[in-house]
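The structure appears right after this line, and notes come after that.
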There are 2 protein chains.
Amino acid sequence: MRKENSSNAINEQFLFQVCERNSAISIVSGRWKSQIIFYISQGNNRFHLLQQRLPNISETVLARQLKELEAHAILVKREIPDTVPIGIKYLLTNKGLELLPILDRLCHWGKIYAEGKEIFVPSDEESDIMK
Amino acid sequence: MRKENSSNAINEQFLFQVCERNSAISIVSGRWKSQIIFYISQGNNRFHLLQQRLPNISETVLARQLKELEAHAILVKREIPDTVPIGIKYLLTNKGLELLPILDRLCHWGKIYAEGKEIFVPSDEESDIMK
DNA sequence: ACAATGACTAACAAAATTGTTAGCCTTAAT
DNA sequence: ATTAAGGCTAACAATTTTGTTAGTCATTGT
């Protein structure tokens, strides 16, 4: 449970109000969230399909992450008619879909540096060499 | 201190290896990080200037966030010659600078939905109304 | 002699996130 | 009678992140 008046919660609120950047990041920064968003966009829009992609996730944790994404309107749940037990599919909203190209860029950014792109300090006149 | 063999740490590693998306997000998702990156890009490149912008942050916490950003080569520290006590400035690397437009888009995304942009489910034929 | 500046660190405490265990529900198949 | 499928939830434990307290260091100004 979240405390309302911890320094932690107050600081979080402060940052949320300084700029949406901070709340936006907090929406996508749960352990499995961005990967879940990606997999749903690829058509893995059922609970058990997500479990297959994420072999180490427990049901409890997956359910929790989905619920949090739903709370932020990144996705919605829909019942699939005439299934038994009643099946649920997860659909990305426009809000969730618009996140995809942004996450893609983040992914690309991470990848090029992981692959060894050179790092330097543009505003540093004296040297471009990292120490 | 981080445990090496907790489920938590193992799952994190698993996601990092699935896609750079996950490690990229984890780099920017500390409490004050994206805001610090932004403020440095605006010229607040000294410890005490950052403290002014972030009135509730403690010195310990700010130092920790800066050190983590440094560990990911988002920024570097440089000593400022002929200052006493010796001053330190923080400079964004190319890796850090390339994050700025991505964080900007995230910020814009958050803002338009915070301001009430309509949310719907494009792939849902039956209805565009949220329940 | 003492405080102030600028930039930290170590050790510890509080809070938040993540993971685990043990359940539930409804129908169909063995 | 039991098991399986598909999707969950509550309660609790482990881990991680965030915040707090109390220092340090070297020099200049009062």
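How things are named: the first chain in the structure tokens is A, the next is B, and so on; residues count from 1 in each chain; ligands count from 1 in the order shown.
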Counting only C-alpha atoms (C1' of nucleotides), which residues in range 3-33 of chain B sit no more than 12 Å from range 6-26 of chain D? For each one, give the nearest pair of atoms and the distance in Å, sorted by chain then residue number, as JSON lines.
```
{"residue": "B:Lys3", "atom": "CA", "partner": "D:DT15", "partner_atom": "C1'", "distance": 8.0}
{"residue": "B:Glu4", "atom": "CA", "partner": "D:DT15", "partner_atom": "C1'", "distance": 10.9}
{"residue": "B:Asn5", "atom": "CA", "partner": "D:DT15", "partner_atom": "C1'", "distance": 10.7}
{"residue": "B:Ser6", "atom": "CA", "partner": "D:DT15", "partner_atom": "C1'", "distance": 7.6}
{"residue": "B:Ser7", "atom": "CA", "partner": "D:DT15", "partner_atom": "C1'", "distance": 9.0}
{"residue": "B:Asn8", "atom": "CA", "partner": "D:DT15", "partner_atom": "C1'", "distance": 7.1}
{"residue": "B:Ala9", "atom": "CA", "partner": "D:DT15", "partner_atom": "C1'", "distance": 8.8}
{"residue": "B:Ile10", "atom": "CA", "partner": "D:DT15", "partner_atom": "C1'", "distance": 11.8}
{"residue": "B:Glu12", "atom": "CA", "partner": "D:DT16", "partner_atom": "C1'", "distance": 11.8}
{"residue": "B:Ser29", "atom": "CA", "partner": "D:DT17", "partner_atom": "C1'", "distance": 11.1}
{"residue": "B:Gly30", "atom": "CA", "partner": "D:DT17", "partner_atom": "C1'", "distance": 8.4}
{"residue": "B:Arg31", "atom": "CA", "partner": "D:DT18", "partner_atom": "C1'", "distance": 8.1}
{"residue": "B:Trp32", "atom": "CA", "partner": "D:DT18", "partner_atom": "C1'", "distance": 10.4}
```
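For chain C, the residues close to chain A, meaning within 8 Å and counting only C-alpha atoms (C1' of nucleotides), are DA15, DA16, DT18, DG19, DT26 and DT27 of chain C.
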Save the residues we just selected, N, CA and C atoms (P, O5', C5', C4', C3', O3' and C1' of nucleotides), as a compact mmCIF listing (two decimals), in the first residue's frame?
```
# COMPACT_ATOMS: atom_id res chain seq x y z
P DA C 15 7.57 5.32 6.37
O5' DA C 15 7.66 4.85 4.86
C5' DA C 15 8.24 5.71 3.89
C4' DA C 15 8.30 4.98 2.58
C3' DA C 15 6.97 4.35 2.17
O3' DA C 15 6.64 4.96 0.94
C1' DA C 15 8.78 2.82 1.88
P DA C 16 5.36 4.57 0.08
O5' DA C 16 6.00 3.63 -1.04
C5' DA C 16 7.07 4.11 -1.83
C4' DA C 16 7.50 3.02 -2.79
C3' DA C 16 6.33 2.32 -3.48
O3' DA C 16 6.56 2.37 -4.87
C1' DA C 16 7.79 0.74 -2.47
P DT C 18 8.37 -3.20 -9.99
O5' DT C 18 8.59 -4.66 -9.40
C5' DT C 18 9.91 -5.06 -9.02
C4' DT C 18 9.85 -6.44 -8.41
C3' DT C 18 9.10 -7.48 -9.23
O3' DT C 18 10.05 -8.47 -9.60
C1' DT C 18 8.52 -7.60 -6.92
P DG C 19 9.62 -9.87 -10.29
O5' DG C 19 9.35 -10.82 -9.03
C5' DG C 19 10.41 -11.12 -8.14
C4' DG C 19 9.96 -12.14 -7.09
C3' DG C 19 9.29 -13.38 -7.66
O3' DG C 19 9.85 -14.52 -7.00
C1' DG C 19 7.90 -12.39 -6.01
P DT C 26 -19.01 -20.51 -10.20
O5' DT C 26 -19.28 -20.59 -11.77
C5' DT C 26 -18.55 -19.81 -12.72
C4' DT C 26 -18.30 -20.65 -13.95
C3' DT C 26 -19.22 -21.86 -14.11
O3' DT C 26 -19.70 -21.89 -15.43
C1' DT C 26 -16.96 -22.54 -14.24
P DT C 27 -21.09 -22.75 -15.83
O5' DT C 27 -20.52 -23.89 -16.78
C5' DT C 27 -20.06 -23.55 -18.07
C4' DT C 27 -18.98 -24.52 -18.50
C3' DT C 27 -19.49 -25.93 -18.83
O3' DT C 27 -19.33 -26.10 -20.22
C1' DT C 27 -17.43 -25.95 -17.64
```
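We find CA of Val121 in chain B and CA of Glu20 in chain A to be spaced 22.8 Å apart.
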Superimpose chain B on chain A so that the squared distances between all in-order C-alpha pairs are minimised, and send the result as a PDB file with C-alpha atoms, in the first residue's frame.
```pdb
ATOM      1  CA  MET B   1      -0.047  -0.078  -0.013  1.00  0.00           C
ATOM      2  CA  ARG B   2       1.141   3.406  -0.735  1.00  0.00           C
ATOM      3  CA  LYS B   3       1.533   5.933   1.999  1.00  0.00           C
ATOM      4  CA  GLU B   4       0.150   9.332   1.205  1.00  0.00           C
ATOM      5  CA  ASN B   5       2.538  11.416   3.249  1.00  0.00           C
ATOM      6  CA  SER B   6       5.910   9.779   3.011  1.00  0.00           C
ATOM      7  CA  SER B   7       8.758  11.867   1.637  1.00  0.00           C
ATOM      8  CA  ASN B   8       8.915   9.326  -1.098  1.00  0.00           C
ATOM      9  CA  ALA B   9       5.307   9.895  -2.156  1.00  0.00           C
ATOM     10  CA  ILE B  10       5.585  13.663  -1.784  1.00  0.00           C
ATOM     11  CA  ASN B  11       8.693  13.784  -3.963  1.00  0.00           C
ATOM     12  CA  GLU B  12       7.020  11.645  -6.562  1.00  0.00           C
ATOM     13  CA  GLN B  13       4.054  14.006  -6.650  1.00  0.00           C
ATOM     14  CA  PHE B  14       6.369  16.984  -6.868  1.00  0.00           C
ATOM     15  CA  LEU B  15       8.074  15.540  -9.948  1.00  0.00           C
ATOM     16  CA  PHE B  16       4.775  14.574 -11.546  1.00  0.00           C
ATOM     17  CA  GLN B  17       3.703  18.170 -11.268  1.00  0.00           C
ATOM     18  CA  VAL B  18       7.005  19.602 -12.537  1.00  0.00           C
ATOM     19  CA  CYS B  19       6.668  17.778 -15.823  1.00  0.00           C
ATOM     20  CA  GLU B  20       4.674  14.980 -17.442  1.00  0.00           C
ATOM     21  CA  ARG B  21       7.981  13.446 -18.391  1.00  0.00           C
ATOM     22  CA  ASN B  22       8.171  12.028 -14.901  1.00  0.00           C
ATOM     23  CA  SER B  23       4.710  10.531 -14.767  1.00  0.00           C
ATOM     24  CA  ALA B  24       5.108   9.172 -18.279  1.00  0.00           C
ATOM     25  CA  ILE B  25       8.262   7.338 -17.310  1.00  0.00           C
ATOM     26  CA  SER B  26       6.710   5.991 -14.173  1.00  0.00           C
ATOM     27  CA  ILE B  27       3.876   4.499 -16.233  1.00  0.00           C
ATOM     28  CA  VAL B  28       6.194   2.404 -18.369  1.00  0.00           C
ATOM     29  CA  SER B  29       8.887   1.631 -15.861  1.00  0.00           C
ATOM     30  CA  GLY B  30       7.445  -1.332 -13.977  1.00  0.00           C
ATOM     31  CA  ARG B  31       9.484  -4.502 -14.278  1.00  0.00           C
ATOM     32  CA  TRP B  32       7.627  -6.196 -17.163  1.00  0.00           C
ATOM     33  CA  LYS B  33       5.544  -3.360 -18.530  1.00  0.00           C
ATOM     34  CA  SER B  34       7.229  -2.226 -21.695  1.00  0.00           C
ATOM     35  CA  GLN B  35       7.801  -5.795 -22.772  1.00  0.00           C
ATOM     36  CA  ILE B  36       4.141  -6.631 -22.139  1.00  0.00           C
ATOM     37  CA  ILE B  37       3.063  -3.626 -24.208  1.00  0.00           C
ATOM     38  CA  PHE B  38       5.314  -4.786 -27.008  1.00  0.00           C
ATOM     39  CA  TYR B  39       4.088  -8.376 -26.933  1.00  0.00           C
ATOM     40  CA  ILE B  40       0.455  -7.304 -26.954  1.00  0.00           C
ATOM     41  CA  SER B  41       1.168  -5.113 -29.962  1.00  0.00           C
ATOM     42  CA  GLN B  42       2.544  -8.242 -31.647  1.00  0.00           C
ATOM     43  CA  GLY B  43      -0.715 -10.089 -31.138  1.00  0.00           C
ATOM     44  CA  ASN B  44       0.006 -11.857 -27.870  1.00  0.00           C
ATOM     45  CA  ASN B  45      -3.113 -10.411 -26.411  1.00  0.00           C
ATOM     46  CA  ARG B  46      -4.146 -13.204 -24.058  1.00  0.00           C
ATOM     47  CA  PHE B  47      -3.054 -13.889 -20.513  1.00  0.00           C
ATOM     48  CA  HIS B  48      -1.667 -17.317 -21.347  1.00  0.00           C
ATOM     49  CA  LEU B  49       0.126 -16.046 -24.479  1.00  0.00           C
ATOM     50  CA  LEU B  50       1.929 -13.452 -22.401  1.00  0.00           C
ATOM     51  CA  GLN B  51       2.883 -16.159 -19.927  1.00  0.00           C
ATOM     52  CA  GLN B  52       4.440 -18.129 -22.761  1.00  0.00           C
ATOM     53  CA  ARG B  53       6.565 -15.166 -23.843  1.00  0.00           C
ATOM     54  CA  LEU B  54       7.588 -14.369 -20.278  1.00  0.00           C
ATOM     55  CA  PRO B  55       8.354 -17.785 -18.861  1.00  0.00           C
ATOM     56  CA  ASN B  56       9.511 -16.545 -15.467  1.00  0.00           C
ATOM     57  CA  ILE B  57       6.619 -14.288 -14.644  1.00  0.00           C
ATOM     58  CA  SER B  58       4.144 -15.580 -12.103  1.00  0.00           C
ATOM     59  CA  GLU B  59       0.425 -15.314 -12.682  1.00  0.00           C
ATOM     60  CA  THR B  60       0.080 -12.949  -9.777  1.00  0.00           C
ATOM     61  CA  VAL B  61       2.719 -10.607 -11.088  1.00  0.00           C
ATOM     62  CA  LEU B  62       1.425 -10.649 -14.645  1.00  0.00           C
ATOM     63  CA  ALA B  63      -2.090  -9.908 -13.442  1.00  0.00           C
ATOM     64  CA  ARG B  64      -0.769  -7.024 -11.377  1.00  0.00           C
ATOM     65  CA  GLN B  65       1.196  -5.479 -14.231  1.00  0.00           C
ATOM     66  CA  LEU B  66      -1.800  -5.765 -16.563  1.00  0.00           C
ATOM     67  CA  LYS B  67      -4.051  -4.148 -14.011  1.00  0.00           C
ATOM     68  CA  GLU B  68      -1.654  -1.238 -13.612  1.00  0.00           C
ATOM     69  CA  LEU B  69      -1.432  -0.747 -17.362  1.00  0.00           C
ATOM     70  CA  GLU B  70      -5.206  -0.829 -17.468  1.00  0.00           C
ATOM     71  CA  ALA B  71      -5.384   1.792 -14.716  1.00  0.00           C
ATOM     72  CA  HIS B  72      -3.316   4.111 -16.913  1.00  0.00           C
ATOM     73  CA  ALA B  73      -5.536   3.369 -19.923  1.00  0.00           C
ATOM     74  CA  ILE B  74      -2.662   1.898 -21.889  1.00  0.00           C
ATOM     75  CA  LEU B  75      -4.823  -1.134 -22.489  1.00  0.00           C
ATOM     76  CA  VAL B  76      -8.333  -2.402 -21.905  1.00  0.00           C
ATOM     77  CA  LYS B  77      -9.740  -5.846 -21.229  1.00  0.00           C
ATOM     78  CA  ARG B  78     -12.455  -7.327 -23.366  1.00  0.00           C
ATOM     79  CA  GLU B  79     -14.338 -10.537 -22.799  1.00  0.00           C
ATOM     80  CA  ILE B  80     -14.332 -12.938 -25.708  1.00  0.00           C
ATOM     81  CA  PRO B  81     -17.940 -14.084 -26.306  1.00  0.00           C
ATOM     82  CA  ASP B  82     -18.878 -17.753 -26.273  1.00  0.00           C
ATOM     83  CA  THR B  83     -15.736 -19.018 -24.594  1.00  0.00           C
ATOM     84  CA  VAL B  84     -15.691 -21.143 -21.497  1.00  0.00           C
ATOM     85  CA  PRO B  85     -14.274 -20.308 -19.135  1.00  0.00           C
ATOM     86  CA  ILE B  86     -14.828 -16.807 -20.429  1.00  0.00           C
ATOM     87  CA  GLY B  87     -11.651 -15.665 -22.216  1.00  0.00           C
ATOM     88  CA  ILE B  88     -10.173 -12.209 -21.867  1.00  0.00           C
ATOM     89  CA  LYS B  89      -8.224 -10.335 -24.507  1.00  0.00           C
ATOM     90  CA  TYR B  90      -6.092  -7.288 -23.918  1.00  0.00           C
ATOM     91  CA  LEU B  91      -6.260  -4.471 -26.416  1.00  0.00           C
ATOM     92  CA  LEU B  92      -3.979  -1.461 -26.609  1.00  0.00           C
ATOM     93  CA  THR B  93      -5.726   1.875 -26.661  1.00  0.00           C
ATOM     94  CA  ASN B  94      -4.565   4.749 -28.853  1.00  0.00           C
ATOM     95  CA  LYS B  95      -2.666   5.918 -25.775  1.00  0.00           C
ATOM     96  CA  GLY B  96      -0.835   2.611 -25.596  1.00  0.00           C
ATOM     97  CA  LEU B  97      -0.249   2.404 -29.333  1.00  0.00           C
ATOM     98  CA  GLU B  98       1.316   5.863 -29.422  1.00  0.00           C
ATOM     99  CA  LEU B  99       3.845   4.659 -26.913  1.00  0.00           C
ATOM    100  CA  LEU B 100       5.197   2.061 -29.319  1.00  0.00           C
ATOM    101  CA  PRO B 101       7.328   4.307 -31.562  1.00  0.00           C
ATOM    102  CA  ILE B 102       8.725   6.043 -28.500  1.00  0.00           C
ATOM    103  CA  LEU B 103       9.684   2.739 -26.905  1.00  0.00           C
ATOM    104  CA  ASP B 104      11.175   1.736 -30.239  1.00  0.00           C
ATOM    105  CA  ARG B 105      13.457   4.742 -30.239  1.00  0.00           C
ATOM    106  CA  LEU B 106      14.495   4.038 -26.687  1.00  0.00           C
ATOM    107  CA  CYS B 107      15.233   0.492 -27.742  1.00  0.00           C
ATOM    108  CA  HIS B 108      17.315   1.646 -30.676  1.00  0.00           C
ATOM    109  CA  TRP B 109      19.183   4.111 -28.474  1.00  0.00           C
ATOM    110  CA  GLY B 110      20.022   1.361 -26.016  1.00  0.00           C
ATOM    111  CA  LYS B 111      21.069  -0.998 -28.755  1.00  0.00           C
ATOM    112  CA  ILE B 112      23.560   1.222 -30.547  1.00  0.00           C
ATOM    113  CA  TYR B 113      25.381   2.013 -27.326  1.00  0.00           C
ATOM    114  CA  ALA B 114      25.280  -1.603 -26.203  1.00  0.00           C
ATOM    115  CA  GLU B 115      26.868  -2.453 -29.548  1.00  0.00           C
ATOM    116  CA  GLY B 116      29.735  -0.114 -28.860  1.00  0.00           C
ATOM    117  CA  LYS B 117      28.872   3.271 -30.290  1.00  0.00           C
ATOM    118  CA  GLU B 118      31.533   5.706 -29.198  1.00  0.00           C
ATOM    119  CA  ILE B 119      30.768   7.935 -26.248  1.00  0.00           C
ATOM    120  CA  PHE B 120      32.181  11.440 -25.967  1.00  0.00           C
ATOM    121  CA  VAL B 121      31.411  14.832 -24.483  1.00  0.00           C
ATOM    122  CA  PRO B 122      30.363  17.290 -27.186  1.00  0.00           C
ATOM    123  CA  SER B 123      30.432  20.371 -24.989  1.00  0.00           C
ATOM    124  CA  ASP B 124      33.881  19.662 -23.612  1.00  0.00           C
ATOM    125  CA  GLU B 125      36.508  21.638 -25.536  1.00  0.00           C
ATOM    126  CA  GLU B 126      39.496  20.190 -23.852  1.00  0.00           C
ATOM    127  CA  SER B 127      39.138  16.538 -24.683  1.00  0.00           C
ATOM    128  CA  ASP B 128      36.833  13.956 -26.156  1.00  0.00           C
ATOM    129  CA  ILE B 129      38.398  11.175 -24.198  1.00  0.00           C
ATOM    130  CA  MET B 130      36.551   9.649 -21.299  1.00  0.00           C
ATOM    131  CA  LYS B 131      38.561   9.287 -18.174  1.00  0.00           C
TER     132      LYS B 131
END
```
DSSP-assigned strand (DSSP E or B) among chain B, expressed as a count of residues only
13
I'd like to know which residues of chain B are alpha helix (DSSP H) (by DSSP, run on the backbone); could you write them as a PyMOL selection string?
chain B and resi 7-18+20-28+33-41+47-53+59-71+94-97+99-114
In Å to one decimal, how far is C1' of DC2 in chain C from C1' of DT28 in chain D?
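We find that C1' of DT28 in chain D and C1' of DC2 in chain C lie 12.1 Å from each other.
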